[in-house]
file target.txt (compact mmCIF, C-alpha atoms)
# COMPACT_ATOMS: atom_id res chain seq x y z
CA MET A 232 28.32 22.75 4.68
CA LYS A 233 25.22 24.86 5.08
CA LYS A 234 22.00 22.88 5.30
CA SER A 235 19.25 23.69 2.83
CA VAL A 236 16.12 24.84 4.65
CA ALA A 237 12.54 24.46 3.45
CA LYS A 238 10.18 26.97 4.97
CA ASN A 239 6.68 26.43 6.25
CA ARG A 240 5.05 29.08 4.11
CA ASP A 241 2.30 29.63 6.62
CA GLU A 242 4.34 29.95 9.79
CA GLY A 243 7.83 30.65 8.36
CA ARG A 244 9.42 27.83 10.36
CA PRO A 245 11.82 25.26 8.91
CA PHE A 246 10.80 21.61 9.10
CA TYR A 247 13.14 18.63 8.82
CA SER A 248 12.93 14.88 8.64
CA GLY A 249 14.94 12.71 11.03
CA SER A 250 17.76 12.58 8.47
CA GLY A 251 18.04 16.36 8.42
CA GLU A 252 16.38 16.68 5.00
CA PRO A 253 13.45 19.08 4.64
CA ARG A 254 10.10 17.40 5.10
CA ARG A 255 7.72 17.72 2.19
CA ILE A 256 4.81 16.15 0.38
CA LEU A 257 6.05 14.07 -2.54
CA VAL A 258 2.71 12.66 -3.74
CA ILE A 259 -0.66 14.37 -3.56
CA GLY A 260 -3.68 12.12 -3.91
CA ALA A 261 -6.31 14.43 -5.39
CA GLY A 262 -9.15 11.95 -5.84
CA LEU A 263 -12.35 12.31 -3.86
CA GLY A 264 -13.23 9.75 -1.23
CA ARG A 265 -14.68 6.50 -2.65
CA THR A 266 -12.35 6.52 -5.67
CA GLY A 267 -10.02 3.82 -4.40
CA THR A 268 -8.09 6.05 -2.02
CA LYS A 269 -7.58 3.24 0.52
CA SER A 270 -6.07 1.06 -2.20
CA LEU A 271 -3.89 3.96 -3.36
CA ALA A 272 -2.69 4.61 0.20
CA ALA A 273 -1.78 0.94 0.65
CA ALA A 274 0.05 0.94 -2.71
CA LEU A 275 2.01 4.09 -1.91
CA ASP A 276 3.05 2.64 1.44
CA LEU A 277 4.33 -0.47 -0.32
CA LEU A 278 6.35 1.78 -2.63
CA GLY A 279 8.07 3.38 0.35
CA TYR A 280 5.96 6.45 1.03
CA ARG A 281 4.22 7.25 4.31
CA THR A 282 0.66 8.06 3.32
CA TYR A 283 -1.78 10.29 5.19
CA HIS A 284 -5.22 8.89 4.35
CA PHE A 285 -7.48 10.53 6.93
CA PRO A 286 -6.80 13.14 9.64
CA LEU A 287 -5.52 11.64 12.87
CA PRO A 288 -7.45 12.41 16.07
CA GLU A 289 -4.57 14.57 17.28
CA HIS A 290 -4.83 16.65 14.08
CA SER A 291 -8.59 17.08 14.26
CA THR A 292 -8.35 20.45 16.02
CA ALA A 293 -6.31 21.93 13.16
CA TRP A 294 -8.83 20.72 10.60
CA ALA A 295 -11.77 21.99 12.65
CA ALA A 296 -10.07 25.40 12.93
CA TYR A 297 -9.67 25.50 9.15
CA ALA A 298 -13.34 24.60 8.72
CA ASP A 299 -14.33 27.35 11.16
CA GLY A 300 -12.18 29.91 9.35
CA THR A 301 -9.93 30.53 12.36
CA ALA A 302 -6.81 28.99 10.79
CA PRO A 303 -5.57 28.41 7.23
CA ALA A 304 -5.42 25.03 5.52
CA GLN A 305 -1.62 25.14 5.73
CA HIS A 306 -1.78 24.51 9.48
CA ALA A 307 -3.65 21.24 8.96
CA ILE A 308 -1.41 20.20 6.07
CA MET A 309 1.71 20.90 8.11
CA ALA A 310 0.36 18.80 10.97
CA ALA A 311 0.66 15.82 8.62
CA VAL A 312 4.04 16.87 7.20
CA ASN A 313 5.55 17.43 10.62
CA SER A 314 4.32 13.98 11.67
CA GLY A 315 6.48 12.45 8.96
CA TYR A 316 3.96 11.88 6.16
CA ASP A 317 5.16 12.49 2.60
CA ALA A 318 2.07 11.43 0.65
CA THR A 319 -1.60 12.34 1.06
CA CYS A 320 -4.92 11.11 -0.26
CA ASP A 321 -8.65 11.05 0.43
CA GLN A 322 -10.66 13.91 1.87
CA PRO A 323 -10.24 16.47 3.26
CA MET A 324 -6.66 16.46 1.90
CA ALA A 325 -8.00 16.09 -1.63
CA ASP A 326 -10.13 19.22 -1.13
CA VAL A 327 -6.96 21.24 -0.53
CA PHE A 328 -4.89 19.66 -3.30
CA ALA A 329 -4.24 23.08 -4.84
CA THR A 330 -2.91 24.45 -1.54
CA GLN A 331 -0.65 21.43 -1.17
CA LEU A 332 0.70 22.00 -4.67
CA GLU A 333 1.39 25.66 -3.87
CA MET A 334 3.33 24.59 -0.77
CA PHE A 335 5.14 21.73 -2.53
CA PRO A 336 5.25 22.65 -6.23
CA ASP A 337 7.42 19.66 -7.19
CA ALA A 338 4.95 17.09 -5.83
CA LYS A 339 3.36 14.59 -8.18
CA VAL A 340 -0.43 14.41 -8.21
CA VAL A 341 -2.45 11.21 -8.53
CA LEU A 342 -6.12 11.75 -9.35
CA THR A 343 -7.99 8.53 -8.58
CA VAL A 344 -11.22 8.02 -10.51
CA ARG A 345 -14.05 5.48 -10.70
CA ASP A 346 -15.39 3.72 -13.80
CA SER A 347 -18.23 6.23 -14.00
CA PRO A 348 -19.73 9.17 -12.07
CA GLU A 349 -22.73 6.97 -11.28
CA LYS A 350 -20.60 4.32 -9.58
CA TRP A 351 -18.86 6.98 -7.53
CA ALA A 352 -22.16 8.56 -6.45
CA ALA A 353 -23.57 5.20 -5.33
CA SER A 354 -20.44 4.51 -3.28
CA TRP A 355 -20.47 8.02 -1.82
CA ARG A 356 -24.02 7.49 -0.53
CA VAL A 357 -22.89 4.34 1.32
CA LEU A 358 -20.15 6.34 3.05
CA MET A 359 -22.53 9.18 3.90
CA GLU A 360 -24.99 6.76 5.54
CA PHE A 361 -22.16 5.78 7.88
CA ILE A 362 -21.22 9.43 8.48
CA GLU A 363 -24.83 10.37 9.19
CA VAL A 364 -25.04 7.76 11.94
CA GLN A 365 -21.68 8.92 13.34
CA GLU A 366 -22.73 12.57 13.39
CA ARG A 367 -26.16 12.19 15.00
CA PRO A 368 -26.54 14.16 18.24
CA PHE A 369 -27.58 12.55 21.50
CA SER A 370 -31.30 12.21 22.10
CA LEU A 371 -33.53 9.94 24.18
CA LEU A 372 -34.59 8.22 20.96
CA TYR A 373 -30.97 7.79 19.87
CA PRO A 374 -28.76 7.84 22.98
CA THR A 375 -25.42 7.98 21.19
CA PHE A 376 -22.24 9.05 22.98
CA ILE A 377 -20.15 9.52 19.81
CA GLN A 378 -20.46 13.30 19.59
CA PHE A 379 -19.36 13.58 23.23
CA VAL A 380 -15.87 12.57 22.02
CA PRO A 381 -13.87 15.76 21.21
CA PHE A 382 -12.11 14.51 18.06
CA MET A 383 -15.41 13.16 16.72
CA ARG A 384 -16.92 16.62 17.10
CA ASN A 385 -13.89 18.08 15.35
CA TRP A 386 -14.22 15.60 12.49
CA LYS A 387 -17.85 16.64 12.08
CA ARG A 388 -16.80 20.28 11.75
CA MET A 389 -13.94 19.27 9.48
CA ARG A 390 -16.33 17.68 6.97
CA ASP A 391 -17.78 21.11 6.27
CA VAL A 392 -14.76 21.81 4.05
CA MET A 393 -15.47 18.88 1.75
CA GLY A 394 -16.56 20.29 -1.57
CA ILE A 395 -16.12 23.99 -0.80
CA HIS A 396 -13.35 24.17 -3.42
CA LEU A 397 -16.14 23.46 -5.92
CA GLY A 398 -18.11 26.46 -4.71
CA LEU A 399 -20.44 24.38 -2.55
CA ARG A 400 -21.83 25.49 0.80
CA PRO A 401 -20.08 24.10 3.90
CA GLY A 402 -21.31 20.56 4.50
CA GLN A 403 -23.36 20.42 1.29
CA LEU A 404 -21.43 17.52 -0.21
CA VAL A 405 -21.69 15.52 3.03
CA ARG A 406 -25.16 16.36 4.35
CA GLY A 407 -26.95 18.48 1.78
CA TYR A 408 -26.56 16.19 -1.24
CA LYS A 409 -29.75 14.28 -0.34
CA TYR A 410 -31.82 17.42 -0.97
CA GLU A 411 -30.38 18.02 -4.44
CA ASP A 412 -31.80 16.81 -7.72
CA GLU A 413 -30.91 13.54 -9.41
CA GLY A 414 -27.46 13.67 -10.98
CA TRP A 415 -26.19 16.41 -8.66
CA LEU A 416 -23.58 14.21 -7.00
CA GLU A 417 -22.35 12.98 -10.35
CA ARG A 418 -21.87 16.58 -11.49
CA GLN A 419 -19.77 17.39 -8.41
CA TYR A 420 -17.55 14.40 -9.14
CA GLU A 421 -17.01 15.61 -12.70
CA SER A 422 -16.42 19.19 -11.52
CA HIS A 423 -13.71 18.01 -9.14
CA ILE A 424 -11.93 16.09 -11.90
CA ALA A 425 -12.08 19.16 -14.14
CA SER A 426 -10.71 21.33 -11.32
CA VAL A 427 -7.72 19.05 -10.76
CA ARG A 428 -6.97 18.89 -14.48
CA GLU A 429 -7.13 22.68 -14.67
CA HIS A 430 -4.81 23.33 -11.72
CA VAL A 431 -2.16 20.62 -12.10
CA PRO A 432 0.47 20.71 -14.89
CA LYS A 433 0.05 17.73 -17.22
CA ASP A 434 3.51 16.36 -16.57
CA GLN A 435 2.78 16.25 -12.81
CA LEU A 436 -0.62 14.57 -13.07
CA LEU A 437 -1.67 10.93 -13.32
CA VAL A 438 -5.38 10.19 -13.76
CA PHE A 439 -5.58 6.74 -12.27
CA ASN A 440 -8.15 3.99 -11.81
CA VAL A 441 -6.85 1.54 -9.20
CA LYS A 442 -8.04 -1.30 -11.48
CA GLU A 443 -5.08 -0.41 -13.72
CA GLY A 444 -2.69 -1.81 -11.13
CA TRP A 445 0.99 -1.14 -10.60
CA ASP A 446 2.22 -0.25 -14.10
CA PRO A 447 0.90 3.30 -14.61
CA LEU A 448 1.44 4.28 -10.98
CA CYS A 449 5.02 3.01 -10.79
CA ASN A 450 5.93 4.48 -14.17
CA PHE A 451 4.57 7.86 -13.10
CA LEU A 452 6.38 7.82 -9.75
CA GLU A 453 9.53 6.30 -11.27
CA LYS A 454 9.40 3.35 -8.90
CA ASP A 455 10.19 -0.30 -9.53
CA ILE A 456 7.10 -2.47 -9.97
CA PRO A 457 6.68 -4.91 -7.03
CA GLU A 458 6.78 -8.11 -9.06
CA THR A 459 5.69 -10.46 -6.26
CA ILE A 460 3.08 -8.24 -4.57
CA PRO A 461 -0.37 -7.81 -6.12
CA PHE A 462 -1.78 -4.31 -6.25
CA PRO A 463 -3.86 -3.67 -3.08
CA ASN A 464 -7.61 -4.00 -3.51
CA VAL A 465 -9.34 -2.49 -0.49
CA ASN A 466 -13.13 -2.56 -0.80
CA GLU A 467 -14.70 -0.68 2.09
CA SER A 468 -18.37 -0.74 1.08
CA ARG A 469 -19.19 -3.99 2.86
CA ASP A 470 -17.18 -2.95 5.92
CA LEU A 471 -18.94 0.42 6.00
CA LYS A 472 -22.38 -1.19 6.00
CA ARG A 473 -21.30 -3.50 8.83
CA ALA A 474 -19.78 -0.59 10.75
CA THR A 475 -22.99 1.45 10.35
CA THR A 476 -25.03 -1.37 11.89
CA MET A 477 -22.51 -1.86 14.70
CA MET A 478 -22.48 1.86 15.50
CA LYS A 479 -26.27 1.85 15.85
CA VAL A 480 -26.12 -1.17 18.15
CA VAL A 481 -23.45 0.41 20.34
CA SER A 482 -25.35 3.72 20.46
CA TYR A 483 -28.52 2.04 21.69
CA CYS A 484 -26.84 -0.41 24.09
CA TRP A 485 -24.20 1.57 25.93
CA MET A 486 -26.59 3.38 28.28
CA PRO A 487 -28.57 0.29 29.42
CA LEU A 488 -25.24 -1.51 29.86
CA LEU A 489 -23.83 1.37 31.90
CA LEU A 490 -26.96 1.58 34.06
CA GLY A 491 -26.98 -2.18 34.52
CA THR A 492 -23.33 -2.17 35.53
CA GLY A 493 -23.94 0.66 37.97
CA TYR A 494 -26.88 -1.18 39.51
CA ALA A 495 -24.83 -4.37 39.86
CA ILE A 496 -22.03 -2.42 41.56
CA SER A 497 -24.47 -0.80 43.97
CA LEU A 498 -25.91 -4.20 44.90
CA THR A 499 -22.40 -5.53 45.47
CA LEU A 500 -21.50 -2.59 47.71
CA ARG A 501 -24.67 -3.04 49.74
CA SER A 502 -23.86 -6.72 50.21
CA LEU A 503 -20.34 -5.88 51.37
CA ARG A 504 -21.69 -3.36 53.90
CA LYS A 505 -24.04 -5.97 55.32
CA VAL A 506 -21.18 -8.45 55.65
CA LYS A 507 -19.07 -5.87 57.51
CA ILE A 508 -21.95 -4.99 59.86
CA SER A 509 -22.66 -8.62 60.69

call {"tool": "encode", "arguments": {"input": "target.txt", "output": "structure tokens"}}
result
Amino acid sequence: MKKSVAKNRDEGRPFYSGSGEPRRILVIGAGLGRTGTKSLAAALDLLGYRTYHFPLPEHSTAWAAYADGTAPAQHAIMAAVNSGYDATCDQPMADVFATQLEMFPDAKVVLTVRDSPEKWAASWRVLMEFIEVQERPFSLLYPTFIQFVPFMRNWKRMRDVMGIHLGLRPGQLVRGYKYEDEGWLERQYESHIASVREHVPKDQLLVFNVKEGWDPLCNFLEKDIPETIPFPNVNESRDLKRATTMMKVVSYCWMPLLLGTGYAISLTLRSLRKVKIS
């Protein structure tokens, strides 16, 4: 019996799962970051999907190439598909939801939303404070090593694509928002929701607040409701604030620690030489 082959539309190569079935995205999470995407990812995993929430370090080069304009988004998307993921969410995957739907037209789309644009904007600012610390370059006043790490540099370039589907400049949603007028972030949130509604057929779209729990999500995906497992509630805001503080501490302390360790080693070596001489 001849095996059905799905084609990578960008490279023209077939891709298969371990069972011999074509690999594909079944669920596209189209909500922006800070709309409960972590909770959605955990829920989808419990329902049997393998969810791609944020680009893996080994995929960072593909995303950076897309951001630089040297490769199409399909390359980055296929990096996830060929690694066995069949569901996506969060950014930058949500920024290329339309491309994913073109590649996998039968996929179902879950658009996660917050209670209000204002709540989303406040949460987005918390995330961006963490990103700003992560993206700072090395200086004598802030001796961070983070941007010396290749995948961290790639992630920084990757973030330039966030919001460009809304007509924004590269990096504007991540770094330029602070220079915009009051209410600008809220308008981008609403524009994204409108864009998803415009592009996705109604019967393939679920607009979903994670506070609604299992019922609407399982009904939409035609999955049994996990009766004994509560819907995941992953709140990252507190963790992000803690991580921001920790990153600053590490950035300031690693160099003195390294110098101190080097000095201690040199003293030890000198002592050993003296012992050998005597």

call {"tool": "atom_distance", "arguments": {"input": "target.txt", "atom1": "CA of Cys449 in chain A", "atom2": "CA of Leu332 in chain A"}}
result
20.4 Å

call {"tool": "closest_residue", "arguments": {"input": "target.txt", "among": "A:Val405, A:Leu275, A:Val465, A:Ile259", "to": "Met389 in chain A", "atoms": "all atoms listed in the file"}}
result
A:Val405

call {"tool": "residues_around", "arguments": {"input": "target.txt", "residues": "Ala274 in chain A", "least_positions_apart": "5", "cutoff": "10 Å", "atoms": "all atoms listed in the file", "output": "list of chain:residue names"}}
result
A:Thr268, A:Lys269, A:Gly279, A:Tyr280, A:Thr282, A:Val441, A:Gly444, A:Trp445, A:Leu448, A:Cys449, A:Pro457, A:Ile460, A:Pro461, A:Phe462, A:Pro463, A:Asn464

call {"tool": "closest_residue", "arguments": {"input": "target.txt", "among": "A:Leu416, A:Ile377, A:Ala338, A:Ala352", "to": "Ala261 in chain A", "atoms": "all atoms listed in the file"}}
result
A:Ala338

call {"tool": "closest_residue", "arguments": {"input": "target.txt", "among": "A:His306, A:His290, A:Lys433, A:Arg356", "to": "Lys339 in chain A", "atoms": "only C-alpha atoms"}}
result
A:Lys433

call {"tool": "closest_residue", "arguments": {"input": "target.txt", "among": "A:Tyr410, A:Phe335, A:Trp415, A:Phe451", "to": "Val438 in chain A", "atoms": "all atoms listed in the file"}}
result
A:Phe451

call {"tool": "closest_residue", "arguments": {"input": "target.txt", "among": "A:Met334, A:Ile256, A:Ala298, A:Met309", "to": "Arg400 in chain A", "atoms": "all atoms listed in the file"}}
result
A:Ala298

call {"tool": "residues_around", "arguments": {"input": "target.txt", "residues": "range 420-427 of chain A", "least_positions_apart": "4", "cutoff": "12 Å", "atoms": "all atoms listed in the file", "output": "PyMOL selection string"}}
result
chain A and resi 259-266+325-330+332+340-355+393-399+404+414-416+431-433+435-439

call {"tool": "closest_residue", "arguments": {"input": "target.txt", "among": "A:Ala296, A:Gly267, A:Thr375, A:Leu278", "to": "Asn450 in chain A", "atoms": "all atoms listed in the file"}}
result
A:Leu278

call {"tool": "atom_distance", "arguments": {"input": "target.txt", "atom1": "CA of Met383 in chain A", "atom2": "CA of Ala318 in chain A"}}
result
23.8 Å

call {"tool": "atom_distance", "arguments": {"input": "target.txt", "atom1": "CA of Gln305 in chain A", "atom2": "CA of Arg428 in chain A"}}
result
21.8 Å

call {"tool": "residues_near_point", "arguments": {"input": "target.txt", "point": "(-10.7, 20.3, 14.3)", "cutoff": "9 Å", "atoms": "all atoms listed in the file", "output": "MDAnalysis selection string"}}
result
chainID A and resid 288:299 307 381:389
